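Colleague: Here you go, one structure.
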Amino acid sequence: MTLFICGNSHVRALRAGMQALAGQVPATQVTVFPLGTADNEAAPFSTIENGRVVLTNGRFRAKLYKNFGFTSFEPDQRWGLCLGTHNARLFRNESWLRAAPAWLGLPGMQPVPEAVFAQMVATDQQHIRAFIDQLLETGLRPFLISAPWPVRHHPIMAETGVRPEIVQAIDARARALFGAWLAERGLDLIQPPHGTADAEGFLKPEMAKGGDDPYHGNHRYGQLMMAKVLAEILGVSVTAEA
Amino acid sequence: MAVSQAHRAGPCRPVRPRVPRALFCGHTRRDEPGGPAFDLDRSPPVPHNFTIMDNPYQQQPQRAFWRSAVADLSAIEMHGVYQPSFAITPDMRIAAAGSCFAQHIAAQFKARGFGFLDTEPAPPMLDADSAKEFGYGLYSARYGNIYSVRQLVQLFDRAASRFAPRDDIWETNGKYYDPFRPTIQPGGFASEAELRLDRDFHLCQVARLLEQTDLFVFTFGLTEAWVNRHDGAVLPTCPGTHAGRYDPETYAFKNFRVSEVLEDAESFIAMARRHNPAMRFLFTVSPVPLTATATDQHVLPATVYSKSVLRAACGELMEAHDFVDYFPSYELVASHPMRGIFFRPNMRNVAAEGVARVMDIFFAAHGAAAPVAPSATEEQASEPATVSGDPACDEEILEFFQK
């Protein structure tokens with residue numbers, strides 16, 4: 001059975017990584033394409049029609065058809081979704097100059113209690129969670145693939161001055177909350193591979209796309225992540241160049 | 001000018017008295033030819049040998065007379081109910097607190113582009129409903145509903161470290177609650193440390209609030225309160241309702257008297273003007289009745305007592321200080337000429353239309369524009385105030401305890 005992997009723009013690195021691993025895995029076994037950028041997740045993008053999940057977001061729908069040939073998600077398919085951990089939406093905000101997660105205990109900053117933070121994350125992920133619940137409702141059990149760790153030179157830190165430990169704490173807690181939400185449904189979240197984070201929890205520079213891109217991993221990261229996905233989901237062991 | 005008119009009545013056919021024109025200051029009388037039928041209920045009896053002398057009522061405007069200002073109009077036609085004592089302008093820095101009805105006032109100040117202070121804004125990415133649920137954006141700090149002015153005074157005393165209440169933290173089922181704002185964190189804080197950190201920040205913001213404020217808006221809500229017997233700390237909710245445990249040895253019921261409300265209000269005014277000697281105050285009384293009374297009275301007279309005390313105190317304060325204004329939101333919703341039309345069927349919750357009407361009257365008196373909507377068209381901008389949702393009222397939980 002072919003493994004389909006789709007999601008937001010972080011899938012580009014996975015696709016590049018998969019292309020590098022193509023010689024080790026039959027191309028027909030794994031198909032990887034992005035659907036569109038993460039800003040498409042900020043509004044409802046899916047619904048159930050005739051017992052199948054369809055994408056209501058025009059860009060997502062067009063990409064699903066163009067790259068995968070599907071107009072809906074079928075219950076007998078195997079899907080990996082790279083959605084739900086693009087936590088830049090949460091941390092790239094100037095409010096974090098004056099506010100901080102309460103569990104950091106930073107004096108002088110407005111503490112954001114755990115319950116409030118959990119609600120923020122739930123709000124941010126609401127349409128992704130709705131999509132996943134729709135898939136479950138129609139009998140499709142996907143697994144989730146994490147986005148990379150945050151990039152240390154993101155302008156919210158490098159230019160705006162938000163403290164790195166705040167960004168890291170936001171990302172880590174948001175991942176944990178999403179993982180717990182998935183676990184309640186018996187779904188797996190594959191976290192970034194070991195060795196891709198620096199000591200502070202940021203994506204290692206050699207794994208980042210670099211240049212003006214403060215979000216994405218590069219093909220090396222993609223190889224490592226796809227190697228982890230293939231091992232965990234298909235039980236296939238591949239060797240990544242990185 | 002003097003007019004005399006004899007009034008004679010026979011046994012079979014009473015003669016209608018003719019009321020002198022001067023009594024109405026030139027307004028059309030309904031018993032004039034071509035006017036509506038004469039209404040005995042509305043027309044004052046005129047005594048024999050009635051003579052009008054010059055008197056102060058002749059100079060009074062139309063709004064001073066019940067017939068022309070109330071009886072002849074529908075509830076939504078009344079004008080001039082509110083005459084501001086001073087102008088409120090968009091450049092003023094406005095802080096607000098009070099009972100849950102005050103949330104509407106705060107929201108409208110923000111929606112209409114006034115300089116509303118919010119020292120503890122909601123964190124980013126929190127949707128509006130959740131922010132409200134967690135007590136963000138309701139007032140100028142995350143202090144939740146403040147039902148009595150003594151609670152208000154004590155809040156600022158706590159912020160200034162003048163008062164350290166015995167009620168520190170309430171723990172229930174492994175979650176932690178702030179006794180003085182037990183509803184701003186639904187489900188409680190995750191730990192004592194989280195609560196203390198949040199409270200320290202909160203009180204720090206409260207401490208700075210007064211020096212930033214040009215106009216302080218307070219809505220008086222209730223006279224009934226629960227007080228810690230040992231230190232007099234006034235709690236916003238009865239222990240054992242939202243959180244905490246009720247212990248009659250520790251907590252006592254208190255129904256404030258008008259003298260106490262006045263004294264507390266004067267105390268707050270003095271405290272506030274020490275921070276900003278030019279500070280002005282806008283007081284209102286919430287039209288929302290009590291959900292339940294802890295007195296031995298029926299809830300209706302208990303409500304009327306409560307609102308009467310608060311209304312009287314506001315009147316006293318307005319008379320005493322030219323920097324105090326009173327906005328009659330209570331009268332505009334709850335007085336009998338309104339016939340209850342602005343209440344929901346339970347005659348307690350104020351309907352959105354009622355809130356909008358009240359807010360429109362207030363802002364029209366101050367020459368303010370309609371609420372600013374993100375995508376407002378010109379047509380929308382001229383529409384009346386829109387009010388989203390019910391305010392978060394702590395005391396509504398009391399209905400749960402009804403036998």
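Every chain in the structure tokens has a letter given in the order shown (A, B, ...), and although residue numbers restart at 1 in each chain, ligands are simply numbered from 1 in the order shown.
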Taking only C-alpha atoms into account, find every residue of chain B that has an atom no more than 9 Å from chain A, and write it out as a PyMOL selection string.
Modeller: chain B and resi 120+122-127+130-131+134+185-190+193-195+197-198+201-202
Colleague: I'd like the contact shell of Ala62 (chain A) - 9 Å cut-off, only C-alpha atoms, skipping same-chain residues fewer than 5 positions apart - returned as a count of residues only.
Modeller: 5
Colleague: Rounded to one decimal in Å, what is the spacing between CA of Ala227 (chain A) and CA of Trp149 (chain A)?
Modeller: 17.0 Å
Colleague: If you run DSSP on this backbone, which residues of region 25-137 of chain A come out as strand (DSSP E or B), and could you give them as a PyMOL selection string?
Modeller: chain A and resi 30-32+46-49+52-55+73+78-82+99-101+110-112
Colleague: Just to be explicit: take each residue in the selection above, keep C-alpha atoms, and write the result as a CSV table (one decimal), in the first residue's frame.
Modeller:
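File written: again_10.csv
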chain,number,residue,atom,x,y,z
A,30,VAL,CA,5.8,6.7,-0.9
A,31,THR,CA,4.3,9.8,-2.4
A,32,VAL,CA,5.1,13.1,-0.8
A,46,SER,CA,-12.2,20.5,5.1
A,47,THR,CA,-15.5,18.9,5.5
A,48,ILE,CA,-17.3,15.5,5.1
A,49,GLU,CA,-19.2,14.9,1.9
A,52,ARG,CA,-15.5,11.1,2.7
A,53,VAL,CA,-13.4,14.0,3.8
A,54,VAL,CA,-12.9,16.6,1.1
A,55,LEU,CA,-10.8,19.8,1.2
A,73,PHE,CA,-9.5,11.0,1.5
A,78,ARG,CA,-2.5,5.4,4.5
A,79,TRP,CA,-1.8,9.1,5.1
A,80,GLY,CA,0.8,11.0,7.0
A,81,LEU,CA,0.0,14.6,7.7
A,82,CYS,CA,2.6,17.3,8.4
A,99,ALA,CA,4.2,38.2,28.2
A,100,ALA,CA,5.7,34.8,28.9
A,101,PRO,CA,4.5,31.3,29.7
A,110,GLN,CA,2.7,38.9,32.1
A,111,PRO,CA,2.4,35.3,33.0
A,112,VAL,CA,0.3,33.2,30.6
Colleague: Using Å and a single decimal, report how far CA of Ile5 (chain A) sits from CA of Ala197 (chain A).
Modeller: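 Straight-line distance from CA of Ala197 (chain A) to CA of Ile5 (chain A) works out to 23.1 Å.
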Colleague: Separation of CA of Gln58 (chain B) and CA of Val324 (chain B), in Å?
Modeller: 28.6 Å
Colleague: List the neighbours of Pro75 (chain A) out to 9 Å using only C-alpha atoms; skip same-chain residues closer than 6 positions along the sequence, and give me the result as an mmCIF file with N, CA and C atoms, in the first residue's frame.
Modeller:
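Saved file selection-v3.cif follows:
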data_model
loop_
_atom_site.group_PDB
_atom_site.id
_atom_site.type_symbol
_atom_site.label_atom_id
_atom_site.label_comp_id
_atom_site.auth_asym_id
_atom_site.auth_seq_id
_atom_site.Cartn_x
_atom_site.Cartn_y
_atom_site.Cartn_z
ATOM 1 N N ARG A 52 -16.949 10.951 2.898
ATOM 2 C CA ARG A 52 -15.518 11.115 2.651
ATOM 3 C C ARG A 52 -15.105 12.534 3.017
ATOM 4 N N LEU A 135 -11.364 12.886 9.482
ATOM 5 C CA LEU A 135 -10.754 11.677 8.924
ATOM 6 C C LEU A 135 -11.095 10.463 9.782
ATOM 7 N N LEU A 136 -10.987 10.626 11.087
ATOM 8 C CA LEU A 136 -11.312 9.520 11.992
ATOM 9 C C LEU A 136 -12.773 9.114 11.848
ATOM 10 N N THR A 138 -14.561 9.220 9.319
ATOM 11 C CA THR A 138 -14.806 8.482 8.073
ATOM 12 C C THR A 138 -13.946 7.218 7.979
ATOM 13 N N GLY A 139 -13.281 6.880 9.058
ATOM 14 C CA GLY A 139 -12.570 5.612 9.097
ATOM 15 C C GLY A 139 -11.118 5.666 8.684
ATOM 16 N N LEU A 140 -10.556 6.837 8.475
ATOM 17 C CA LEU A 140 -9.145 6.955 8.091
ATOM 18 C C LEU A 140 -8.339 7.368 9.314
ATOM 19 N N ARG A 141 -7.335 6.570 9.634
ATOM 20 C CA ARG A 141 -6.510 6.870 10.807
ATOM 21 C C ARG A 141 -5.131 7.340 10.329
#
